[in-house]
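Next comes run_23.cif, a file with mmCIF, C-alpha atoms.
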data_structure
loop_
_atom_site.label_atom_id
_atom_site.label_comp_id
_atom_site.auth_asym_id
_atom_site.auth_seq_id
_atom_site.Cartn_x
_atom_site.Cartn_y
_atom_site.Cartn_z
CA MET A 1 31.05 24.63 -36.29
CA ALA A 2 29.79 24.37 -39.90
CA ASP A 3 32.59 21.88 -40.66
CA TYR A 4 32.17 19.89 -37.46
CA PRO A 5 31.33 16.30 -38.45
CA LEU A 6 28.50 15.51 -35.99
CA ARG A 7 25.71 17.87 -34.96
CA ALA A 8 23.57 17.31 -31.87
CA GLU A 9 20.62 18.74 -33.77
CA ALA A 10 20.89 15.93 -36.34
CA ILE A 11 20.54 13.31 -33.57
CA LYS A 12 17.70 15.19 -31.92
CA SER A 13 15.75 15.43 -35.16
CA GLU A 14 16.06 11.64 -35.54
CA PHE A 15 14.50 11.19 -32.09
CA LYS A 16 11.65 13.38 -33.29
CA ARG A 17 11.34 11.42 -36.55
CA ALA A 18 11.00 8.20 -34.51
CA GLY A 19 8.22 9.71 -32.38
CA ILE A 20 10.23 9.86 -29.17
CA ARG A 21 8.86 12.02 -26.36
CA PHE A 22 10.44 10.35 -23.32
CA VAL A 23 14.22 10.46 -22.92
CA VAL A 24 15.69 8.67 -19.90
CA ALA A 25 19.21 9.82 -19.14
CA LEU A 26 22.19 9.90 -16.87
CA PRO A 27 24.73 12.52 -17.98
CA ASP A 28 27.34 11.17 -20.37
CA ARG A 29 30.32 13.41 -20.99
CA VAL A 30 30.11 12.75 -24.76
CA THR A 31 26.52 13.94 -25.15
CA SER A 32 25.78 16.11 -22.09
CA HIS A 33 26.69 19.56 -23.31
CA HIS A 34 25.03 19.76 -26.69
CA LEU A 35 22.47 16.96 -26.81
CA LEU A 36 21.17 16.28 -23.29
CA LYS A 37 21.08 19.95 -22.25
CA GLY A 38 19.22 20.72 -25.48
CA LEU A 39 16.69 17.99 -24.74
CA LEU A 40 16.22 19.22 -21.17
CA ALA A 41 15.44 22.68 -22.51
CA ASP A 42 13.03 21.43 -25.19
CA PRO A 43 9.38 21.21 -24.08
CA ASP A 44 8.73 18.55 -26.72
CA TYR A 45 10.73 16.08 -24.63
CA HIS A 46 10.11 14.69 -21.17
CA VAL A 47 13.56 13.90 -19.77
CA VAL A 48 13.69 11.50 -16.85
CA GLN A 49 17.01 11.90 -15.07
CA VAL A 50 18.11 8.79 -13.22
CA CYS A 51 20.65 8.24 -10.45
CA LYS A 52 21.98 4.95 -11.82
CA GLU A 53 21.78 3.37 -15.24
CA ASP A 54 19.90 0.17 -14.35
CA GLU A 55 16.97 2.35 -13.30
CA GLY A 56 16.85 3.65 -16.86
CA VAL A 57 16.52 0.16 -18.34
CA SER A 58 13.46 -0.45 -16.18
CA ILE A 59 11.88 2.99 -16.61
CA CYS A 60 12.04 2.56 -20.40
CA SER A 61 10.43 -0.85 -19.96
CA GLY A 62 7.62 0.52 -17.81
CA LEU A 63 7.05 3.26 -20.38
CA TYR A 64 6.86 0.62 -23.12
CA ALA A 65 4.32 -1.40 -21.12
CA ALA A 66 2.29 1.80 -20.82
CA GLY A 67 2.39 2.31 -24.59
CA HIS A 68 5.30 4.73 -25.07
CA LYS A 69 8.55 4.69 -26.99
CA SER A 70 11.63 6.09 -25.28
CA VAL A 71 15.40 6.24 -25.62
CA PHE A 72 17.94 5.81 -22.85
CA MET A 73 21.12 7.92 -22.89
CA MET A 74 24.19 6.95 -20.90
CA GLN A 75 27.97 6.70 -21.02
CA TYR A 76 29.59 3.33 -21.85
CA THR A 77 30.61 3.06 -18.19
CA GLY A 78 26.92 3.08 -17.27
CA PHE A 79 26.20 0.44 -19.86
CA LEU A 80 28.83 -1.76 -18.21
CA ASP A 81 27.36 -1.02 -14.79
CA SER A 82 23.82 -2.00 -15.83
CA ILE A 83 24.61 -5.24 -17.68
CA ASN A 84 22.45 -7.38 -15.36
CA ALA A 85 19.35 -5.24 -15.88
CA ILE A 86 19.97 -5.20 -19.64
CA ARG A 87 20.34 -8.99 -19.50
CA GLY A 88 17.31 -9.72 -17.30
CA VAL A 89 14.89 -7.01 -18.39
CA GLY A 90 15.94 -6.29 -21.95
CA VAL A 91 17.35 -9.51 -23.39
CA GLU A 92 15.59 -12.28 -21.43
CA GLY A 93 12.47 -10.21 -20.77
CA ARG A 94 12.45 -8.89 -24.37
CA PHE A 95 11.76 -5.29 -23.46
CA PRO A 96 12.63 -2.82 -26.23
CA VAL A 97 15.29 -0.65 -24.61
CA CYS A 98 16.95 1.66 -27.11
CA MET A 99 20.30 2.66 -25.62
CA ILE A 100 22.23 5.74 -26.75
CA VAL A 101 25.74 5.04 -25.47
CA GLY A 102 28.54 7.61 -25.50
CA LEU A 103 31.97 6.11 -26.09
CA LEU A 104 33.98 8.48 -23.93
CA GLY A 105 37.64 8.50 -24.91
CA LYS A 106 37.23 6.77 -28.26
CA GLU A 107 39.70 8.17 -30.77
CA ALA A 108 38.01 9.95 -33.74
CA ASP A 109 37.38 7.72 -36.76
CA VAL A 110 38.89 4.68 -35.05
CA ALA A 111 36.71 1.56 -34.80
CA PRO A 112 35.66 0.99 -31.17
CA THR A 113 37.29 -2.45 -31.11
CA LYS A 114 40.58 -0.82 -32.18
CA SER A 115 40.47 1.84 -29.48
CA ASN A 116 43.31 2.12 -27.02
CA LYS A 117 40.72 2.68 -24.32
CA PHE A 118 40.01 -0.71 -22.76
CA GLY A 119 36.45 0.13 -21.68
CA VAL A 120 35.58 1.29 -25.21
CA LYS A 121 37.24 -1.70 -26.86
CA ILE A 122 35.05 -4.24 -25.05
CA ILE A 123 31.64 -2.65 -25.68
CA GLU A 124 30.86 -4.11 -29.11
CA PRO A 125 32.05 -7.64 -28.20
CA ILE A 126 29.81 -7.55 -25.10
CA LEU A 127 26.84 -6.40 -27.19
CA ASP A 128 27.59 -9.15 -29.72
CA VAL A 129 27.65 -11.88 -27.09
CA MET A 130 24.34 -10.58 -25.72
CA GLY A 131 22.83 -10.63 -29.21
CA ILE A 132 22.18 -6.87 -29.16
CA GLU A 133 22.42 -5.09 -32.51
CA HIS A 134 24.49 -1.91 -32.51
CA LEU A 135 25.49 0.89 -34.81
CA LEU A 136 28.12 3.60 -34.61
CA ILE A 137 27.34 7.28 -35.10
CA GLU A 138 30.34 9.50 -35.83
CA ARG A 139 29.18 11.81 -38.60
CA ASP A 140 26.02 13.59 -39.63
CA ALA A 141 25.60 11.12 -42.51
CA ASP A 142 25.38 8.27 -39.96
CA THR A 143 22.49 9.83 -38.08
CA GLU A 144 19.85 8.84 -40.62
CA GLN A 145 20.21 5.30 -39.25
CA ILE A 146 18.97 6.38 -35.83
CA ALA A 147 15.21 6.61 -36.42
CA PRO A 148 15.09 3.23 -38.23
CA ALA A 149 17.11 1.65 -35.39
CA ILE A 150 14.65 3.01 -32.84
CA GLU A 151 11.74 1.68 -34.90
CA LYS A 152 13.39 -1.72 -35.16
CA THR A 153 13.95 -1.86 -31.39
CA PHE A 154 10.21 -1.54 -30.80
CA LYS A 155 9.17 -3.72 -33.74
CA ASN A 156 11.36 -6.57 -32.48
CA SER A 157 10.76 -5.85 -28.78
CA PHE A 158 14.46 -6.26 -28.07
CA PRO A 159 17.28 -3.91 -27.01
CA THR A 160 19.45 -1.98 -29.47
CA ALA A 161 22.57 0.09 -28.84
CA ILE A 162 23.33 3.29 -30.76
CA LEU A 163 26.97 4.10 -30.03
CA ILE A 164 28.01 7.75 -30.19
CA GLY A 165 31.63 7.80 -31.27
CA ARG A 166 32.43 11.50 -30.88
CA GLU A 167 30.95 14.48 -29.09
CA PRO A 168 28.01 15.89 -31.04
CA ARG A 169 28.00 19.72 -31.13
CA MET B 170 1.37 -8.24 10.06
CA LYS B 171 1.37 -11.27 7.78
CA ARG B 172 2.26 -10.30 4.23
CA ASP B 173 -0.45 -12.42 2.62
CA GLU B 174 -3.08 -10.94 4.95
CA MET B 175 -1.83 -7.46 4.01
CA LEU B 176 -2.18 -8.33 0.30
CA LYS B 177 -5.64 -9.82 0.85
CA ALA B 178 -6.74 -6.60 2.57
CA PHE B 179 -5.39 -4.62 -0.38
CA ALA B 180 -7.18 -6.90 -2.86
CA ARG B 181 -10.50 -6.26 -1.10
CA GLN B 182 -10.13 -2.52 -1.66
CA ARG B 183 -8.45 -2.59 -5.07
CA LYS B 184 -10.30 -0.94 -7.94
CA ASP B 185 -8.45 -0.50 -11.25
CA GLU B 186 -4.93 0.17 -9.98
CA ILE B 187 -1.84 -1.17 -11.72
CA VAL B 188 0.10 -3.33 -9.23
CA VAL B 189 3.85 -3.84 -9.59
CA ALA B 190 5.13 -6.54 -7.26
CA VAL B 191 8.54 -8.14 -6.72
CA TYR B 192 9.76 -11.46 -5.35
CA MET B 193 7.62 -12.83 -2.46
CA ALA B 194 4.88 -10.23 -2.91
CA ALA B 195 4.83 -11.00 -6.63
CA GLN B 196 4.58 -14.76 -6.04
CA GLU B 197 1.78 -14.21 -3.56
CA ILE B 198 -0.28 -11.64 -5.44
CA THR B 199 -0.56 -13.92 -8.48
CA HIS B 200 -2.39 -16.37 -6.18
CA ILE B 201 -4.22 -13.95 -3.88
CA ALA B 202 -5.39 -11.36 -6.39
CA PRO B 203 -4.95 -12.54 -9.99
CA ASN B 204 -5.51 -9.60 -12.30
CA ASP B 205 -4.30 -8.70 -15.80
CA LEU B 206 -3.05 -5.39 -14.39
CA ASN B 207 -0.57 -7.20 -12.12
CA TYR B 208 2.94 -6.41 -13.36
CA THR B 209 5.61 -8.84 -12.18
CA PHE B 210 7.97 -8.60 -15.16
CA THR B 211 10.72 -6.72 -13.38
CA GLY B 212 13.55 -8.96 -14.63
CA ALA B 213 16.31 -8.06 -12.16
CA MET B 214 16.50 -7.45 -8.42
CA GLY B 215 15.80 -3.91 -7.26
CA GLN B 216 14.04 -2.83 -10.42
CA GLY B 217 10.37 -2.84 -9.36
CA SER B 218 10.22 0.80 -8.29
CA SER B 219 11.76 1.89 -11.60
CA HIS B 220 9.39 -0.16 -13.77
CA ALA B 221 6.58 1.37 -11.74
CA LEU B 222 7.90 4.87 -12.43
CA GLY B 223 7.81 4.23 -16.17
CA LEU B 224 4.24 2.99 -15.88
CA ALA B 225 3.19 5.94 -13.74
CA LEU B 226 4.71 8.48 -16.14
CA GLY B 227 3.26 6.70 -19.15
CA ARG B 228 -0.23 6.44 -17.71
CA PRO B 229 -0.79 9.40 -15.38
CA ASP B 230 -4.52 8.59 -15.41
CA LYS B 231 -3.92 5.24 -13.65
CA ARG B 232 -2.80 4.74 -10.06
CA VAL B 233 0.33 2.59 -9.77
CA VAL B 234 0.94 0.68 -6.54
CA VAL B 235 4.30 -1.03 -6.16
CA PHE B 236 4.95 -3.72 -3.52
CA ASP B 237 8.73 -3.50 -3.21
CA GLY B 238 11.05 -5.44 -0.88
CA ASP B 239 13.51 -3.95 1.60
CA GLY B 240 16.47 -5.89 0.14
CA SER B 241 15.31 -4.84 -3.32
CA LEU B 242 15.00 -1.19 -2.39
CA LEU B 243 18.48 -1.20 -0.84
CA MET B 244 19.74 -2.33 -4.25
CA ASN B 245 18.09 0.67 -5.95
CA LEU B 246 18.00 3.37 -3.27
CA GLY B 247 18.69 6.08 -5.84
CA SER B 248 15.27 5.34 -7.33
CA LEU B 249 13.74 7.15 -4.35
CA VAL B 250 15.38 10.36 -5.57
CA THR B 251 14.54 9.69 -9.22
CA ILE B 252 10.87 9.08 -8.32
CA ALA B 253 10.64 12.11 -6.05
CA ASN B 254 12.23 14.26 -8.75
CA GLN B 255 9.57 13.18 -11.27
CA ALA B 256 6.88 13.48 -8.56
CA PRO B 257 4.16 11.36 -10.18
CA LYS B 258 0.90 12.05 -8.37
CA ASN B 259 -0.31 8.53 -9.16
CA TYR B 260 2.61 6.66 -7.54
CA VAL B 261 2.25 4.63 -4.32
CA HIS B 262 5.44 2.94 -3.15
CA CYS B 263 4.66 0.21 -0.61
CA LEU B 264 7.68 -1.40 1.00
CA CYS B 265 7.26 -4.94 2.37
CA GLU B 266 9.83 -4.63 5.14
CA ASN B 267 10.63 -8.09 6.46
CA GLY B 268 14.30 -7.46 7.33
CA THR B 269 15.56 -10.31 5.17
CA TYR B 270 16.43 -11.40 1.66
CA GLU B 271 13.57 -13.87 2.00
CA THR B 272 13.71 -15.28 -1.54
CA ASN B 273 17.48 -15.78 -1.27
CA GLY B 274 17.51 -17.84 1.92
CA SER B 275 16.16 -15.38 4.52
CA VAL B 276 19.56 -13.88 5.25
CA PRO B 277 19.10 -10.59 7.16
CA ILE B 278 19.52 -7.32 5.27
CA PRO B 279 22.28 -4.98 6.52
CA ARG B 280 21.03 -3.03 9.58
CA ALA B 281 17.81 -5.01 9.61
CA GLY B 282 15.18 -3.30 11.73
CA GLN B 283 17.30 -0.19 12.24
CA ILE B 284 16.69 1.66 8.99
CA ARG B 285 13.90 4.25 8.84
CA PHE B 286 12.92 3.68 5.20
CA ALA B 287 10.08 6.21 5.45
CA GLU B 288 12.59 8.83 6.55
CA LEU B 289 14.77 8.03 3.54
CA ALA B 290 11.74 8.48 1.27
CA LYS B 291 10.76 11.72 2.99
CA THR B 292 14.28 13.11 2.66
CA ALA B 293 14.33 12.07 -1.00
CA GLY B 294 11.22 14.17 -1.52
CA TYR B 295 8.15 11.89 -1.44
CA ARG B 296 5.01 13.90 -0.79
CA ASN B 297 3.87 11.81 2.20
CA THR B 298 5.01 8.70 4.05
CA TYR B 299 3.46 6.12 6.35
CA GLU B 300 4.78 3.40 8.65
CA ILE B 301 2.26 0.62 9.26
CA SER B 302 2.77 -2.53 11.29
CA ASP B 303 -0.79 -3.52 12.09
CA LEU B 304 -3.32 -5.06 9.71
CA SER B 305 -6.27 -3.08 11.02
CA ASP B 306 -4.29 0.15 10.66
CA TRP B 307 -3.48 -0.79 7.02
CA GLU B 308 -7.16 -1.52 6.32
CA LYS B 309 -8.14 1.80 7.88
CA LYS B 310 -5.57 3.94 6.05
CA LEU B 311 -5.76 2.19 2.68
CA PRO B 312 -8.77 4.08 1.25
CA ASN B 313 -6.92 7.36 1.71
CA ILE B 314 -3.63 5.93 0.45
CA LEU B 315 -5.41 4.85 -2.73
CA LYS B 316 -6.62 8.38 -3.46
CA GLU B 317 -4.10 10.72 -1.83
CA GLU B 318 -1.81 12.69 -4.14
CA GLY B 319 1.58 11.02 -4.53
CA PRO B 320 4.28 10.09 -4.63
CA LEU B 321 3.53 8.25 -1.40
CA PHE B 322 5.74 5.85 0.53
CA VAL B 323 4.22 3.22 2.82
CA ASP B 324 6.58 1.18 4.98
CA LEU B 325 4.69 -2.03 5.77
CA LYS B 326 6.27 -4.10 8.56
CA VAL B 327 5.52 -7.64 7.47
CA GLU B 328 6.40 -11.24 8.19
CA PRO B 329 5.76 -14.34 6.12
CA GLY B 330 2.24 -15.70 6.24
CA GLU B 331 0.93 -18.76 4.46
CA ALA B 332 3.31 -20.31 1.92
CA TYR B 333 2.35 -20.03 -1.75
CA PRO B 334 3.94 -21.97 -4.62
CA GLU B 335 6.81 -20.19 -6.37
CA ASN B 336 6.61 -19.79 -10.13
CA PHE B 337 9.38 -17.58 -11.52
CA PRO B 338 8.63 -18.38 -15.18
CA ARG B 339 5.10 -17.01 -14.61
CA LEU B 340 6.47 -13.84 -12.98
CA TYR B 341 8.67 -13.03 -15.97
CA SER B 342 6.39 -14.42 -18.69
CA ILE B 343 6.50 -12.41 -21.92
CA GLU B 344 3.04 -13.73 -22.81
CA HIS B 345 1.59 -12.33 -19.57
CA ARG B 346 3.50 -9.08 -20.11
CA GLU B 347 1.88 -8.64 -23.51
CA LYS B 348 -1.52 -9.43 -21.99
CA PHE B 349 -0.82 -6.72 -19.41
CA ARG B 350 -0.02 -4.25 -22.23
CA ARG B 351 -3.20 -5.05 -24.09
CA THR B 352 -5.32 -4.80 -20.95
CA LEU B 353 -3.75 -1.50 -19.96
CA ALA B 354 -4.13 -0.08 -23.47
CA SER B 355 -7.85 -0.79 -23.38
CA SER B 356 -8.48 0.48 -19.86
#

Please, can you express the file's structure as structure tokens?
Amino acid sequence: MADYPLRAEAIKSEFKRAGIRFVVALPDRVTSHHLLKGLLADPDYHVVQVCKEDEGVSICSGLYAAGHKSVFMMQYTGFLDSINAIRGVGVEGRFPVCMIVGLLGKEADVAPTKSNKFGVKIIEPILDVMGIEHLLIERDADTEQIAPAIEKTFKNSFPTAILIGREPR
Amino acid sequence: MKRDEMLKAFARQRKDEIVVAVYMAAQEITHIAPNDLNYTFTGAMGQGSSHALGLALGRPDKRVVVFDGDGSLLMNLGSLVTIANQAPKNYVHCLCENGTYETNGSVPIPRAGQIRFAELAKTAGYRNTYEISDLSDWEKKLPNILKEEGPLFVDLKVEPGEAYPENFPRLYSIEHREKFRRTLASS
């Protein structure tokens, strides 16, 4: 475990650094075991479990309107499923939805656009066409970008996508 | 009961509640009961109940009343379970059941008039539910609905009343959304 390249604890501490208390989530196979379960067990976080990803876009938006920052965890499949809410609420409505998106099936240390997995390959181009900034987290060293990305989401009042490229442990 | 009459009755008894409204109810409430705590910025169909949940969790000291549509709720039925699971005491989910996608050409919803929405909400885990088809019954029950512990679900059987001008840019206005945020932050 000491040599494993990405620790769930490193991601969690970035959420804390960004002042996140609310986490909206639908289980994502990449992050469920070590990150989401840890958040569910941590009394410092209020986890809102949703039944479908578009709910999460809107719950984060309602939380923002009520004065709170949140992050929204889902699998890339859920991102694809909630495109219309991300378009209408996040992009056109300029709500700051910070999405933590697990790239299930992405090969380690392979750029998402070079993945053999079709669903993974199309995520960054879709984000680009929607004008949504994104960053890829694959190693502990990458995680220090997370808190600034969350801050930027709320400063700009616009969605951001933090892509998780391998299972954090 | 006419939807605009239902909203007027609500406006007469409203105190400092946040109101989330979608589609026809949203268009109408901006005319009937203009208020900086009206939230119409839901952005995509079906999303009103979920925006309202975020507001209710973020401000547990404020009552949140959502005027949802039946077509909208069918698009986000899972939100009933999500809301019940969070169980916000300050959440009142009013369903304007008109049996049609009124904004999109008044095409009937699937199984119009045959769905017991209140039963769906009860099964999902809402604390209490109501079915109201009469204006005087709504006026009579409203004081309790506005103070009873939630989450509550109120199935309002409505039909179109007077026509009000549509203004979608106003419903989704970022400027009005920011005004809502400022008003809520100071209340």

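Each of B:Ala332, B:Ala178, B:Leu340, B:Leu353 was checked against chain A using all atoms listed in the file; the smallest atom-to-atom distance is that of B:Leu353.
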
For chain B against chain A, with a cut-off of 6 Å and counting only C-alpha atoms, what is the closest atom pair and its distance in Å to one decimal for every residue that makes the cut, ordered by chain and number, as a tab-separated table?
residue	atom	partner	partner_atom	distance
B:Gly212	CA	A:Val89	CA	4.4
B:Ala213	CA	A:Gly88	CA	5.5
B:Ser219	CA	A:Ile59	CA	5.1
B:His220	CA	A:Gly62	CA	4.5
B:Gly223	CA	A:Gly62	CA	4.1
B:Leu224	CA	A:Gly62	CA	4.6
B:Gly227	CA	A:Leu63	CA	5.3
B:Gly247	CA	A:Cys51	CA	5.5
B:Thr251	CA	A:Val50	CA	5.4
B:Arg350	CA	A:Ala65	CA	5.3

Using C-alpha atoms, can you write the selected residues to a file as a PDB file, in the coordinates of the input?
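Written out: part.pdb:
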ATOM      1  CA  GLY B 212      13.550  -8.960 -14.630  1.00  0.00           C
ATOM      2  CA  ALA B 213      16.310  -8.060 -12.160  1.00  0.00           C
ATOM      3  CA  SER B 219      11.760   1.890 -11.600  1.00  0.00           C
ATOM      4  CA  HIS B 220       9.390  -0.160 -13.770  1.00  0.00           C
ATOM      5  CA  GLY B 223       7.810   4.230 -16.170  1.00  0.00           C
ATOM      6  CA  LEU B 224       4.240   2.990 -15.880  1.00  0.00           C
ATOM      7  CA  GLY B 227       3.260   6.700 -19.150  1.00  0.00           C
ATOM      8  CA  GLY B 247      18.690   6.080  -5.840  1.00  0.00           C
ATOM      9  CA  THR B 251      14.540   9.690  -9.220  1.00  0.00           C
ATOM     10  CA  ARG B 350      -0.020  -4.250 -22.230  1.00  0.00           C
TER      11      ARG B 350
END

Close residues, Cys98 in chain A itself excluded, 8 Å, only C-alpha atoms, min 5 positions apart in chain, as a PyMOL selection string: chain A and resi 70-72+150+153+159-162

Exercise: range 107-110 of chain A partners within 9 Å, only C-alpha atoms, chain neighbours under 3 positions left out, as a ChimeraX atom specification: /A:104,113-117,138,165-166

Near-Glu186 in chain B list (8 Å; only C-alpha atoms; drop same-chain fewer than 3 positions) as JSON, numbers by chain: {"B": [183, 206, 231, 232, 233, 234]}

Residues matched by the PyMOL selection byres ((chain B and resi 256) around 10), written as a VMD selection string: chain B and resid 222 225 to 226 250 to 255 257 to 260 294 to 296 318 to 321

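Distance-wise, CA of Ala8 in chain A and CA of Pro168 in chain A end up 4.7 Å apart.
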
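Take the candidates B:Glu288, B:Val261, B:His345, B:Met244 and check each one against Lys316 in chain B using all atoms listed in the file; the shortest distance goes to B:Val261.
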
Long-range neighbours of range 145-149 of chain A as a list in words, 10 Å cut-off, all atoms listed in the file, 2 positions minimum in chain: Ala10, Ile11, Lys12, Ser13, Glu14, Phe15, Lys16, Arg17, Ala18, Gly19, Ile20, Cys98, Ile100, Glu133, His134, Leu135, Leu136, Ile137, Ala141, Asp142, Thr143, Glu151, Lys152, Thr153, Phe154, Lys155, Thr160, Ala161 and Ile162 of chain A

Point-to-point distance in Å for CA of Lys106 in chain A and CA of Gly131 in chain A: 22.6 Å
